[in-house]
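File shown here: work-v5.txt, holding compact mmCIF, C-alpha atoms.
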```
# COMPACT_ATOMS: atom_id res chain seq x y z
CA MET A 1 -162.72 -137.08 2.34
CA ALA A 2 -161.48 -140.63 2.26
CA ASP A 3 -159.59 -140.20 -1.01
CA ALA A 4 -158.30 -136.69 -0.33
CA ILE A 5 -154.63 -135.81 -0.78
CA THR A 6 -153.36 -135.22 2.75
CA VAL A 7 -151.05 -132.26 3.31
CA LEU A 8 -148.72 -131.22 6.13
CA VAL A 9 -147.90 -127.48 6.25
CA VAL A 10 -144.45 -126.56 7.61
CA ASP A 11 -143.50 -122.91 8.21
CA ASP A 12 -142.14 -121.03 11.20
CA HIS A 13 -144.68 -118.21 10.80
CA ALA A 14 -148.09 -119.02 12.24
CA VAL A 15 -149.87 -116.54 9.98
CA VAL A 16 -148.42 -118.27 6.89
CA ARG A 17 -149.48 -121.69 8.15
CA GLU A 18 -153.00 -120.42 8.85
CA GLY A 19 -153.27 -118.85 5.41
CA LEU A 20 -152.11 -122.01 3.68
CA ARG A 21 -154.43 -124.19 5.75
CA THR A 22 -157.43 -121.95 5.03
CA PHE A 23 -156.77 -121.92 1.28
CA LEU A 24 -155.98 -125.61 0.88
CA GLN A 25 -158.99 -126.72 2.92
CA LEU A 26 -161.22 -124.96 0.37
CA GLN A 27 -159.76 -126.99 -2.52
CA ASP A 28 -161.55 -130.11 -3.71
CA GLY A 29 -159.65 -133.27 -2.88
CA LEU A 30 -157.10 -131.67 -0.53
CA GLU A 31 -157.03 -132.04 3.24
CA VAL A 32 -154.58 -130.37 5.63
CA VAL A 33 -153.93 -132.92 8.35
CA GLY A 34 -151.37 -131.00 10.38
CA GLU A 35 -148.84 -128.21 10.61
CA ALA A 36 -145.39 -127.66 12.10
CA GLY A 37 -143.28 -124.63 12.97
CA ASP A 38 -139.80 -126.07 12.46
CA GLY A 39 -137.99 -128.99 10.86
CA GLU A 40 -137.82 -131.20 13.93
CA GLU A 41 -141.55 -130.84 14.53
CA ALA A 42 -142.16 -131.48 10.83
CA VAL A 43 -140.37 -134.83 11.00
CA ARG A 44 -142.31 -135.84 14.12
CA GLN A 45 -145.65 -134.80 12.64
CA ALA A 46 -144.91 -136.48 9.33
CA GLU A 47 -144.05 -139.78 11.00
CA GLN A 48 -147.29 -139.64 12.95
CA LEU A 49 -149.62 -138.37 10.21
CA ARG A 50 -148.03 -139.94 7.10
CA PRO A 51 -149.11 -137.11 4.77
CA ASP A 52 -149.09 -137.54 1.00
CA VAL A 53 -147.53 -134.10 0.43
CA ILE A 54 -145.53 -131.78 2.69
CA LEU A 55 -145.26 -128.04 2.04
CA MET A 56 -141.85 -127.13 3.45
CA ASP A 57 -140.33 -123.76 4.27
CA LEU A 58 -136.52 -123.69 4.14
CA VAL A 59 -135.43 -121.16 6.76
CA MET A 60 -136.64 -122.36 10.16
CA PRO A 61 -135.23 -122.71 13.68
CA ARG A 62 -133.77 -125.90 15.20
CA LEU A 63 -133.76 -127.87 11.92
CA ASP A 64 -134.06 -126.16 8.55
CA GLY A 65 -136.05 -127.38 5.57
CA VAL A 66 -133.19 -129.16 3.83
CA GLY A 67 -132.25 -131.00 7.01
CA ALA A 68 -135.87 -132.01 7.51
CA MET A 69 -136.14 -133.24 3.92
CA GLN A 70 -133.01 -135.34 4.30
CA GLU A 71 -134.47 -136.94 7.40
CA LEU A 72 -137.88 -137.44 5.79
CA ARG A 73 -136.32 -139.02 2.72
CA ARG A 74 -134.80 -141.65 5.00
CA ARG A 75 -137.86 -142.21 7.20
CA LEU A 76 -140.81 -141.54 4.87
CA PRO A 77 -139.72 -141.99 1.25
CA GLY A 78 -143.36 -142.12 0.16
CA SER A 79 -144.13 -138.54 1.20
CA ARG A 80 -143.54 -135.87 -1.44
CA VAL A 81 -142.07 -132.55 -0.32
CA ILE A 82 -142.73 -129.23 -2.06
CA VAL A 83 -140.45 -126.39 -1.03
CA LEU A 84 -142.37 -123.14 -0.50
CA THR A 85 -139.94 -120.35 0.25
CA SER A 86 -138.97 -116.74 -0.39
CA PHE A 87 -135.48 -117.70 -1.55
CA ALA A 88 -134.18 -118.87 -4.94
CA ASP A 89 -130.43 -118.47 -4.38
CA ASP A 90 -128.08 -121.36 -5.16
CA ASP A 91 -127.13 -121.87 -1.50
CA ARG A 92 -130.68 -122.98 -0.76
CA LEU A 93 -132.00 -124.10 -4.15
CA LEU A 94 -129.43 -126.74 -5.06
CA PRO A 95 -129.33 -128.46 -1.64
CA ALA A 96 -133.15 -128.59 -1.61
CA ILE A 97 -133.28 -130.29 -5.01
CA GLN A 98 -130.52 -132.68 -3.98
CA ALA A 99 -132.47 -133.50 -0.82
CA GLY A 100 -135.33 -134.72 -3.03
CA ALA A 101 -137.76 -131.81 -3.33
CA ALA A 102 -140.67 -132.72 -5.59
CA GLY A 103 -141.25 -129.05 -6.38
CA TYR A 104 -139.80 -125.65 -5.59
CA LEU A 105 -142.14 -122.68 -5.44
CA LEU A 106 -141.70 -119.13 -4.26
CA LYS A 107 -144.14 -117.64 -1.76
CA ASN A 108 -145.48 -115.21 -4.35
CA VAL A 109 -146.95 -118.18 -6.25
CA GLN A 110 -150.56 -117.86 -7.37
CA PRO A 111 -152.86 -119.85 -5.04
CA GLN A 112 -154.24 -122.09 -7.77
CA GLU A 113 -150.71 -122.88 -8.95
CA LEU A 114 -149.91 -124.05 -5.43
CA ALA A 115 -152.93 -126.36 -5.43
CA ARG A 116 -151.85 -127.67 -8.84
CA ALA A 117 -148.36 -128.32 -7.49
CA VAL A 118 -149.76 -130.37 -4.61
CA ARG A 119 -151.78 -132.52 -7.00
CA ALA A 120 -148.82 -132.86 -9.37
CA ALA A 121 -146.49 -133.94 -6.56
CA HIS A 122 -149.00 -136.54 -5.40
CA ALA A 123 -149.18 -137.85 -8.98
CA GLY A 124 -145.41 -138.30 -9.08
CA GLU A 125 -144.75 -135.18 -11.13
CA ALA A 126 -142.98 -131.98 -10.16
CA LEU A 127 -143.48 -128.25 -10.59
CA LEU A 128 -140.79 -125.60 -10.38
CA ASP A 129 -141.28 -121.86 -10.31
CA PRO A 130 -140.14 -120.68 -13.78
CA ALA A 131 -137.48 -118.40 -12.30
CA VAL A 132 -136.23 -121.25 -10.14
CA ALA A 133 -136.14 -123.66 -13.08
CA ALA A 134 -134.11 -121.22 -15.16
CA ARG A 135 -131.64 -120.66 -12.34
CA LEU A 136 -131.33 -124.37 -11.66
CA VAL A 137 -130.67 -125.26 -15.31
CA GLU A 138 -128.03 -122.54 -15.43
CA ALA A 139 -126.35 -123.83 -12.27
CA ILE A 140 -126.33 -127.42 -13.48
CA ALA A 141 -124.98 -126.37 -16.87
CA GLN A 142 -122.01 -124.88 -15.04
CA ALA A 143 -121.36 -128.02 -12.99
CA PRO A 144 -118.12 -129.74 -14.04
CA GLY A 145 -117.56 -133.40 -14.74
CA GLU A 146 -121.04 -134.58 -15.72
CA GLN A 147 -120.98 -137.33 -18.32
CA PRO A 148 -123.79 -138.10 -20.82
CA ALA A 149 -126.17 -140.94 -19.99
CA GLU A 150 -124.46 -143.43 -22.29
CA ARG A 151 -126.00 -146.43 -20.58
CA LEU A 152 -129.58 -145.49 -21.48
CA THR A 153 -131.30 -147.68 -24.03
CA PRO A 154 -132.97 -145.92 -27.00
CA ARG A 155 -136.39 -146.35 -25.34
CA GLU A 156 -135.12 -145.00 -22.01
CA ARG A 157 -133.69 -142.01 -23.85
CA GLU A 158 -137.11 -141.38 -25.41
CA VAL A 159 -138.69 -141.53 -21.96
CA LEU A 160 -136.09 -139.10 -20.60
CA GLU A 161 -136.81 -136.67 -23.44
CA LEU A 162 -140.53 -136.74 -22.61
CA ILE A 163 -139.86 -136.32 -18.89
CA GLY A 164 -137.85 -133.26 -19.87
CA ARG A 165 -140.88 -131.88 -21.67
CA GLY A 166 -142.89 -132.23 -18.46
CA LEU A 167 -145.12 -135.13 -19.54
CA SER A 168 -146.71 -137.37 -16.93
CA ASN A 169 -146.37 -141.16 -17.08
CA LYS A 170 -149.87 -141.41 -18.54
CA ARG A 171 -149.06 -138.97 -21.35
CA ILE A 172 -145.72 -140.65 -22.04
CA ALA A 173 -147.53 -143.97 -22.35
CA ARG A 174 -149.90 -142.45 -24.94
CA GLU A 175 -147.04 -140.82 -26.79
CA LEU A 176 -145.05 -144.06 -27.05
CA GLY A 177 -148.00 -146.42 -27.41
CA VAL A 178 -147.12 -148.52 -24.38
CA ALA A 179 -148.71 -149.34 -21.03
CA GLU A 180 -148.35 -146.85 -18.18
CA LYS A 181 -146.84 -149.63 -16.05
CA THR A 182 -144.13 -150.05 -18.68
CA VAL A 183 -143.41 -146.33 -18.54
CA LYS A 184 -143.02 -146.48 -14.76
CA THR A 185 -140.46 -149.24 -15.19
CA HIS A 186 -138.54 -147.22 -17.76
CA VAL A 187 -138.62 -144.14 -15.51
CA GLY A 188 -137.16 -146.17 -12.65
CA HIS A 189 -134.34 -147.39 -14.89
CA VAL A 190 -133.64 -143.86 -16.13
CA LEU A 191 -133.39 -142.46 -12.60
CA ALA A 192 -131.10 -145.30 -11.52
CA LYS A 193 -128.78 -144.98 -14.52
CA LEU A 194 -128.52 -141.22 -14.23
CA GLY A 195 -127.96 -141.45 -10.49
CA VAL A 196 -130.70 -138.91 -9.75
CA ALA A 197 -133.36 -138.96 -7.04
CA ASP A 198 -136.50 -138.00 -8.95
CA ARG A 199 -138.15 -136.75 -12.14
CA THR A 200 -137.20 -133.14 -11.41
CA GLN A 201 -133.50 -133.92 -11.55
CA ALA A 202 -133.98 -136.14 -14.61
CA ALA A 203 -135.84 -133.32 -16.40
CA LEU A 204 -133.04 -130.89 -15.58
CA TYR A 205 -130.50 -133.36 -16.95
CA ALA A 206 -132.54 -133.63 -20.15
CA ALA A 207 -132.64 -129.84 -20.46
CA ARG A 208 -128.92 -129.46 -19.83
CA THR A 209 -127.96 -132.06 -22.42
CA GLY A 210 -130.32 -130.71 -25.09
CA LEU A 211 -132.63 -133.73 -25.15
CA VAL A 212 -135.73 -131.57 -24.62
CA GLY A 213 -135.06 -129.51 -27.73
CA ARG A 214 -134.57 -132.61 -29.82
CA ALA A 215 -137.82 -134.12 -28.52
CA GLY A 216 -139.75 -131.05 -29.57
CA ARG A 217 -138.61 -131.15 -33.18
```

How does this structure look as structure tokens?
Amino acid sequence: MADAITVLVVDDHAVVREGLRTFLQLQDGLEVVGEAGDGEEAVRQAEQLRPDVILMDLVMPRLDGVGAMQELRRRLPGSRVIVLTSFADDDRLLPAIQAGAAGYLLKNVQPQELARAVRAAHAGEALLDPAVAARLVEAIAQAPGEQPAERLTPREREVLELIGRGLSNKRIARELGVAEKTVKTHVGHVLAKLGVADRTQAALYAARTGLVGRAGR
């Protein structure tokens, strides 16, 4: 599968890795190229295999998932990491998002939703478990000292609103009547001005500041 989305599976339980590998290999356009049992091995495998998407457990020996993501963000910024864990508490959730997670799913996720998350991450989008998203918005709403994005242009604010509604670059381009390449440029400016790492954090900012509600009216 020359054009398949390549996936690295990282979990300290062999039975979980085997189950994920078996399921993902049955999905059209997905290819599991490797697996790792801890964060250090994940970084080594990722550097060797250069996967498009990494499914990352958080609680692992030697180097945990957040530590691995921080290292991967420095070494392989092109790889997208989806957290797949049993935990949604703030002590793990917030550091994972700050480390650049492109998605955060709980291990009770439906299999097809997991496959959709892999494809979404590869496309530059992000999926959060609904319970995780609600908890994250609540936590960010409680964070002190955040200032509104006053430096955004009117067009960048429109793009941020649509990111907050979960639209892809292609759909934003249709919505605004501009080229997808133009949208990508605007998204880059929005992320830089907000000081956030990715679309997930930008979407959460939009939700916290009420931009999503205004976009839907």

Checklist entry - Which polymer residues have any atom within 9 Å of an atom of Leu72 (chain A), counting all atoms listed in the file, with same-chain residues fewer than 6 positions away left out, as a count of residues only? => result 6

List every residue of region 41-83 of chain A that has an atom at most 12 Å from any atom of region 121-124 of chain A, and for each one report the closest atom pair and its distance in Å to one decimal, counting all atoms listed in the file, with rows sorted by chain and then by increasing residue number, as a Markdown table.
```
| residue | atom | partner | partner_atom | distance |
| --- | --- | --- | --- | --- |
| A:Pro51 | CA | A:His122 | CA | 10.2 |
| A:Asp52 | CA | A:His122 | CA | 6.5 |
| A:Val53 | CA | A:His122 | CA | 6.5 |
| A:Ile54 | CA | A:Ala121 | CA | 9.5 |
| A:Leu55 | CA | A:Ala121 | CA | 10.5 |
| A:Gly78 | CA | A:His122 | CA | 9.7 |
| A:Ser79 | CA | A:His122 | CA | 8.4 |
| A:Arg80 | CA | A:Ala121 | CA | 6.2 |
| A:Val81 | CA | A:Ala121 | CA | 7.8 |
| A:Ile82 | CA | A:Ala121 | CA | 7.5 |
| A:Val83 | CA | A:Ala121 | CA | 11.1 |
```

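Using only C-alpha atoms, the nearest neighbour of Gly195 (chain A) within the list A:Arg171, A:Gly103, A:Leu152, A:Asp57 is A:Leu152.
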
Next on the checklist: For a quick check of your reading of the model, name the residues lying within 6 Å of the coordinate (-131.6, -133.6, 1.7), counting all atoms listed in the file, and write them as a list of chain:residue names.
Outcome noted: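 Protein, DNA and RNA residues close to (-131.6, -133.6, 1.7): A:Val66, A:Gly67, A:Met69, A:Gln70, A:Gln98, A:Ala99.
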
Checklist entry - Of the candidates A:Ala192, A:Val118, A:Leu127, A:Leu176, which shows the shortest atom-to-atom distance to Arg151 (chain A), using all atoms listed in the file? => result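 Counting all atoms listed in the file, the residue closest to Arg151 (chain A) is A:Ala192.
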
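Shortest atom-to-atom contact with Pro95 (chain A) among A:Gly166, A:Gly19, A:Gly65, A:Gly37: A:Gly65, counting only C-alpha atoms.
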
Next on the checklist: Nearest residue to Ala203 (chain A) out of A:Thr6, A:Ser86, A:Ser168, A:Thr185, using all atoms listed in the file?
Outcome noted: A:Ser168

Item to check | Point (-139.6, -139.3, -22.1), cut-off 10 Å, counting only C-alpha atoms, residues as a PyMOL selection string | outcome: chain A and resi 155-169+171-173+175-176+183+186-187+190+202-203+206+211-212+215

Skip Arg62 (chain A) itself and residues of its chain fewer than 5 positions away, then list as a CSV table (one decimal) with C-alpha atoms, keeping the file's coordinate frame all residues within 9 Å of it, counting all atoms listed in the file.
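See out_30.csv below for the written result:
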```csv
chain,number,residue,atom,x,y,z
A,38,ASP,CA,-139.8,-126.1,12.5
A,39,GLY,CA,-138.0,-129.0,10.9
A,40,GLU,CA,-137.8,-131.2,13.9
```

Checklist outcome for this item: Closest of A:Asp91, A:Leu20, A:Arg208, A:His13 to Gln112 (chain A), counting all atoms listed in the file, is A:Leu20

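For the pair CA of Leu128 (chain A) and CA of Leu49 (chain A), the separation is 25.8 Å.
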
Next on the checklist: To one decimal place in Å, what is the distance between CA of Ala126 (chain A) and CA of Thr200 (chain A)?
Outcome noted: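 Between CA of Ala126 (chain A) and CA of Thr200 (chain A) the gap is 6.0 Å.
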
Item to check | Residue nearest Val59 (chain A) among A:Ala134, A:Val109, A:Val32, A:Val10 (counting only C-alpha atoms) | outcome: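 Comparing A:Ala134, A:Val109, A:Val32, A:Val10 against Val59 (chain A), the winner is A:Val10.
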
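Rounded to one decimal, CA of Gly210 (chain A) and CA of Val196 (chain A) lie 17.4 Å from each other.
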
Next on the checklist: Give me the residues near Gly100 (chain A) as a PyMOL selection string, where near means some atom within 7 Å (using all atoms listed in the file) and where sequence neighbours in that chain fewer than 2 positions away do not count.
Outcome noted: chain A and resi 96-98+102+197-198

Checklist entry - Which residues, written as a PyMOL selection string, have at least one atom at most 9 Å from Leu93 (chain A), with all atoms listed in the file counted and residues fewer than 6 positions away on the same chain left out? => result chain A and resi 87+104+132+135-136
